[in-house]
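Working notes for the structure below.
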Amino acid sequence: MEATKEYEIIEAESKSIYSKINSCGLIGVNGYAVEIEVDLSSGLPNFILVGLPDTAINESRERVRAAIKSSSLEFPNKKIVINLAPADTKKAGPTYDLPIAIGVLACIEPSVINKQNLENLYIVGELGLSGKVRSINGTLSFVIHAKNNKASGIIIPKENSSEASLIEGINIYPVSNLNETIYTINNIKDIVPLKKTVYSNTQNKFTADFNDVKGQTLAKRAFEISASGQHHILMIGPPGSGKSMLAQRLNTILPPLGYEEKIETTQIYSAAGRLTKEKGLISLRPFRSPHHNISTAGLIGGGPIPQPGEISLAHKGILFLDEFTEFPKHVLDSLRQVVEIKEVTISRSRRSCTFPCDFTLIAACNPCPCGYFGDNIKKCKCNLNIIKKYQAKISGPIMDRIDLQVEVKRLSESEIISNKTSECSEKIKERVIKAKDLQIKRYKDLSISSNSHLSSKEIKHFCTIDKKGELILREAIKTFSLTARSFDRILKVSRTIADLENSDIIKDEHILEAIQFRLNTFNNI
Ligand SMILES: Nc1ncnc2c1ncn2[C@@H]1O[C@H](COP(=O)(O)OP(=O)(O)OP(=O)(O)O)[C@@H](O)[C@H]1O
Ligand SMILES: [Mg+2]
Ligand SMILES: [Zn+2]
């Protein structure tokens, strides 16, 4: 009799209550499942977090405690152990505050939460001390993850509604504080989920236009080819010839972003915390122009919890590197790989993540330190060795990867005073879109949509050259000692030029035009 009593006491003391909440974490721009397990047991009051949390999550204990108390709820005076599973991945950020709070509240008896409704429901959100639910980074990716995992729904911070509303096929419940979250969970069947926002496809109006740029016919042609086939450009020319002006107008002739592209781009901005409450969708191709004193991590991406760099923020848009030669050599060299593989992997001991970076590089620089080498009016003051050193800042391998290299010369007197209006962006864009459509159709079974993305194997398949063109190419390899990579790149540009003419076959004139864009002034010293 005595022994049974003792046993009962031990059992009562060790009785613990368990709850599990589905939440999400971010690796790069992709959401992954994080389960928040809460174990509440009698014992010395304590609040322990395990499962590789970072400092922001560790501080979550204080926010959760304060938020529960401020919401007129009782914080359990017991031993609370929270496990963030999987335990081998480093968790970052304050995303888990809200699910942790709900997990703790679900363990209180009698519970204020209808536990049944938690099944297959995802919860993400940061908590303020007052119980307010704050916005978080990565909501769009979390919603996509929950949808792909056939969740019954996802609770998100109200401030992130705009980006979340891009996705349909999942019930999204925006909340603004802890009490509203509890109400939403308990009455989930009666709550109307967020409606999908229908974004109109109306085109953005630009204030700048290509017809603002006088002369520069060759450079404009390079931009048209670049826009059509997504080829990188390097402009070399004296100060004031219009290089920055041209770069700032590329967006006006690019095909509009498709729905999938908008989602991909918005996911990056969401992960980087660069969306605002009002602007929840990136609908215009990004234009990024970082200063030349940017660090490698700033350009490529980095940080203890990897963040996307400028190359990823330029995804599906333009990365304009003005004063190209002023960027430190190691920063430029870090671009070598990413301009080809269109994604960047950042490795850390506990996690490595990949960000997409499918951008068009537009680089601009002067031909020498004083800016006037090769100019027909102003005399260059630099000595030859200095010019060589200056130009060597752009290494051969980087140069090799830039399809269109174009000299942007100073305008002539008559060009400056001329009132002749040149072609407007809208007209150029019409041709670009036609050429782009041909590529989309041609590559519909591949995972690419632009000529510049063709692999060597695909080039052989899709770039059929006529006899005359072949002879010209052979000659060019000999005369200009072209590398295999240059050869491939000439073919890709030729493919785009042929597409602009709606020609299936690549003809000699297409190849000749492509070759002229690789013979830059840098080789002419
Ligand atoms: N082709 C042009 N047509 C019309 N205006 C031009 C042209 N080129 C230059 N300009 C005028 O000169 C200004 C400077 O041009 P821009 O900044 O594009 O030169 P840049 O080549 O980038 O020079 P830098 O090498 O100093 O950066 C422009 O804002 C514009 O007013
Ligand atoms: Mg400039
Ligand atoms: Zn000079």
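By order of appearance in the structure tokens: chains A, B, ..., then residues from 1 within every chain, and ligands from 1 in the order shown.
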
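Taking only C-alpha atoms and all ligand atoms into account, the protein and nucleic acid residues that come at most 12 Å from ligand 2 are Met235, Ile236, Gly237, Pro238, Pro239, Gly240, Ser241, Gly242, Lys243, Ser244, Met245, Leu246, Ala247, Gln248, Ser289, His291, Phe320, Leu321, Asp322, Glu323, Phe324, Ile362, Ala363, Ala364, Cys365, Asn366, Gly371 and Val408 of chain A.
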
- Query: If you count only C-alpha atoms, which residues fall within 12 Å of Leu438 in chain A, apart from same-chain ones fewer than 2 positions away, as a PyMOL selection string?
  - Reply: chain A and resi 228-229+431-436+440-444+449-451+495-504

Counting only C-alpha atoms and all ligand atoms, the residue among A:Lys20, A:Lys381, A:Lys468, A:Lys420 that lies closest to ligand 1 is A:Lys420

So that I can check the secondary structure, give me every residue of range 154-188 of chain A assigned helix (DSSP H, G or I) by backbone DSSP, as a PyMOL selection string. chain A and resi 158-164+178-186+188

With N, CA and C atoms retained, write the just-selected residues as a compact mmCIF listing (two decimals), in the first residue's frame.
```
# COMPACT_ATOMS: atom_id res chain seq x y z
N LYS A 158 0.52 39.95 -40.12
CA LYS A 158 -0.34 40.74 -41.01
C LYS A 158 0.50 41.64 -41.93
N GLU A 159 1.61 42.15 -41.40
CA GLU A 159 2.44 43.07 -42.20
C GLU A 159 3.06 42.38 -43.42
N ASN A 160 3.07 41.07 -43.45
CA ASN A 160 3.63 40.35 -44.60
C ASN A 160 2.55 39.86 -45.56
N SER A 161 1.31 40.37 -45.38
CA SER A 161 0.18 39.88 -46.19
C SER A 161 0.39 40.08 -47.68
N SER A 162 0.94 41.24 -48.01
CA SER A 162 1.07 41.60 -49.41
C SER A 162 1.85 40.55 -50.22
N GLU A 163 3.03 40.14 -49.75
CA GLU A 163 3.81 39.14 -50.48
C GLU A 163 3.13 37.77 -50.44
N ALA A 164 2.51 37.45 -49.28
CA ALA A 164 1.89 36.13 -49.13
C ALA A 164 0.72 35.98 -50.09
N LEU A 178 -0.91 38.30 -30.45
CA LEU A 178 -0.98 36.94 -29.92
C LEU A 178 -2.42 36.50 -29.66
N ASN A 179 -3.23 37.40 -29.09
CA ASN A 179 -4.62 37.03 -28.81
C ASN A 179 -5.39 36.72 -30.09
N GLU A 180 -5.11 37.51 -31.14
CA GLU A 180 -5.79 37.27 -32.42
C GLU A 180 -5.34 35.91 -32.99
N THR A 181 -4.10 35.56 -32.74
CA THR A 181 -3.59 34.27 -33.22
C THR A 181 -4.36 33.12 -32.54
N ILE A 182 -4.54 33.25 -31.23
CA ILE A 182 -5.26 32.21 -30.49
C ILE A 182 -6.70 32.11 -31.01
N TYR A 183 -7.31 33.27 -31.20
CA TYR A 183 -8.68 33.30 -31.71
C TYR A 183 -8.75 32.63 -33.08
N THR A 184 -7.77 32.96 -33.93
CA THR A 184 -7.76 32.40 -35.29
C THR A 184 -7.63 30.88 -35.25
N ILE A 185 -6.73 30.38 -34.40
CA ILE A 185 -6.54 28.92 -34.32
C ILE A 185 -7.82 28.25 -33.83
N ASN A 186 -8.40 28.81 -32.79
CA ASN A 186 -9.58 28.18 -32.18
C ASN A 186 -10.82 28.23 -33.07
N ILE A 188 -10.70 28.50 -36.56
CA ILE A 188 -10.12 28.49 -37.91
C ILE A 188 -11.16 28.20 -39.02
```

* In terms of the shortest atom-to-atom distance over only C-alpha atoms and all ligand atoms, which of A:Lys196, A:Lys460, A:Arg474, A:Lys388 is closest to ligand 3? ->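 When distances to ligand 3 are compared using only C-alpha atoms and all ligand atoms, the smallest one comes from A:Lys388.
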
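Restricting the atom set to only C-alpha atoms and all ligand atoms, one finds that the residues within 10 Å of ligand 3 amount to Pro238, Asn366, Pro367, Cys368, Pro369, Cys370, Gly371, Tyr372, Phe373, Gly374, Asp375, Lys378, Lys379, Cys380, Lys381, Cys382, Asn383, Leu384, Ile386, Ile387 and Tyr390 of chain A.
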
**Asked** Could you pull the residues within 7 Å of Gly131 in chain A, counting only C-alpha atoms, minus those fewer than 3 positions along the same chain, as a PyMOL selection string?
**Response** chain A and resi 67-68+70-71+127-128+177-178

Grab the residues selected above and save them as a CSV table (one decimal), in the first residue's frame with N, CA and C atoms.
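As a result, again_24.csv now contains:
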```
chain,number,residue,atom,x,y,z
A,67,ALA,N,5.3,38.7,-24.0
A,67,ALA,CA,4.2,38.7,-24.9
A,67,ALA,C,3.0,38.0,-24.3
A,68,ILE,N,3.3,36.8,-23.7
A,68,ILE,CA,2.2,36.0,-23.1
A,68,ILE,C,1.6,36.8,-21.9
A,70,SER,N,1.7,40.1,-21.4
A,70,SER,CA,1.1,41.3,-21.8
A,70,SER,C,-0.3,41.0,-22.4
A,71,SER,N,-0.5,39.8,-22.9
A,71,SER,CA,-1.7,39.5,-23.5
A,71,SER,C,-2.8,38.9,-22.5
A,127,LEU,N,7.4,38.1,-32.2
A,127,LEU,CA,6.6,38.7,-31.2
A,127,LEU,C,7.2,40.0,-30.6
A,128,GLY,N,6.4,41.0,-30.4
A,128,GLY,CA,6.9,42.2,-29.6
A,128,GLY,C,6.6,41.9,-28.2
A,177,ASN,N,-1.7,40.2,-33.5
A,177,ASN,CA,-1.2,40.0,-32.2
A,177,ASN,C,-1.4,38.6,-31.6
A,178,LEU,N,-0.9,38.3,-30.5
A,178,LEU,CA,-1.0,36.9,-29.9
A,178,LEU,C,-2.4,36.5,-29.7
```

Taking only range 368-415 of chain A into account, list the residues labelled strand (DSSP E or B) by DSSP (computed from the backbone), as a ChimeraX atom specification.
/A:404-407

Given the choices A:His461, A:Lys220, A:Arg518, A:Lys279, which gets closest to ligand 1 if the distance is worked out from only C-alpha atoms and all ligand atoms?
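For ligand 1, the nearest of the given residues is A:Lys220.
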
Practice item. May I have the residues within 9 Å of Arg351 in chain A as a PyMOL selection string, using only C-alpha atoms and disregarding those fewer than 6 positions away in the same chain? Key: chain A and resi 27+89-90+305

Identify, on the basis of only C-alpha atoms, every residue whose closest approach to range 134-143 of chain A does not exceed 9 Å; exclude the query and any residue fewer than 3 positions from it along the same chain; express the result as an MDAnalysis selection string. chainID A and resid 23:26 29:33 93:95 122 124:128 146:148 153:154 156:161 163:167 170 172 176:177 263 266:275 277

Taking only residues of range 97-180 of chain A that have an atom at most 12 Å from an atom of range 83-87 of chain A, what is each one's shortest atom pair and its distance in Å to one decimal, using only C-alpha atoms, in chain and number order, as JSON lines?
```
{"residue": "A:Asp97", "atom": "CA", "partner": "A:Leu84", "partner_atom": "CA", "distance": 11.6}
{"residue": "A:Pro99", "atom": "CA", "partner": "A:Leu84", "partner_atom": "CA", "distance": 10.7}
{"residue": "A:Ile100", "atom": "CA", "partner": "A:Leu84", "partner_atom": "CA", "distance": 9.4}
{"residue": "A:Gly103", "atom": "CA", "partner": "A:Asn83", "partner_atom": "CA", "distance": 10.8}
{"residue": "A:Val104", "atom": "CA", "partner": "A:Asn83", "partner_atom": "CA", "distance": 11.8}
```

Contacts of Lys342 in chain A at 6 Å or less, counting only C-alpha atoms, minus same-chain residues fewer than 2 places along, as a PyMOL selection string?
chain A and resi 338-340+357-358

Output N, CA and C atoms for every residue in that selection, as a PDB file, in the first residue's frame.
```
ATOM      1  N   VAL A 338      30.010  33.150 -61.130  1.00  0.00           N
ATOM      2  CA  VAL A 338      28.562  33.368 -61.014  1.00  0.00           C
ATOM      3  C   VAL A 338      27.921  33.884 -62.303  1.00  0.00           C
ATOM      4  N   VAL A 339      28.698  34.608 -63.147  1.00  0.00           N
ATOM      5  CA  VAL A 339      28.075  35.088 -64.378  1.00  0.00           C
ATOM      6  C   VAL A 339      27.747  33.919 -65.307  1.00  0.00           C
ATOM      7  N   GLU A 340      28.386  32.786 -65.064  1.00  0.00           N
ATOM      8  CA  GLU A 340      28.098  31.641 -65.918  1.00  0.00           C
ATOM      9  C   GLU A 340      27.087  30.685 -65.329  1.00  0.00           C
ATOM     10  N   CYS A 357      21.144  34.001 -59.099  1.00  0.00           N
ATOM     11  CA  CYS A 357      21.671  35.315 -59.507  1.00  0.00           C
ATOM     12  C   CYS A 357      21.755  35.375 -61.036  1.00  0.00           C
ATOM     13  N   ASP A 358      20.610  35.262 -61.654  1.00  0.00           N
ATOM     14  CA  ASP A 358      20.547  35.278 -63.105  1.00  0.00           C
ATOM     15  C   ASP A 358      20.360  36.729 -63.577  1.00  0.00           C
TER      16      ASP A 358
END
```

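Relative to atom 21 (O, counted along the ligand's line) of ligand 1, CA of Thr421 in chain A is found at 19.8 Å.
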
Of A:Asp445, A:Glu119, A:Asp403, A:Glu458, the one sitting nearest Ser494 in chain A when using only C-alpha atoms is A:Asp403

*asked:* What's around Gln405 in chain A at 6 Å? Count only C-alpha atoms, leave out sequence neighbours fewer than 5 positions away in its own chain, and write the answer as a list in words.
replied: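 Once the adjacent positions are removed, what remains is Ile233, Leu234, Phe517, Arg518 and Asn520 of chain A.
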
Just the selected residues (C-alpha atoms), exported as a compact mmCIF listing (two decimals), in the first residue's frame, please.
```txt
# COMPACT_ATOMS: atom_id res chain seq x y z
CA ILE A 233 27.89 44.26 -71.92
CA LEU A 234 31.11 46.18 -71.28
CA PHE A 517 31.46 43.23 -80.32
CA ARG A 518 34.45 41.32 -79.00
CA ASN A 520 37.37 46.18 -77.73
```
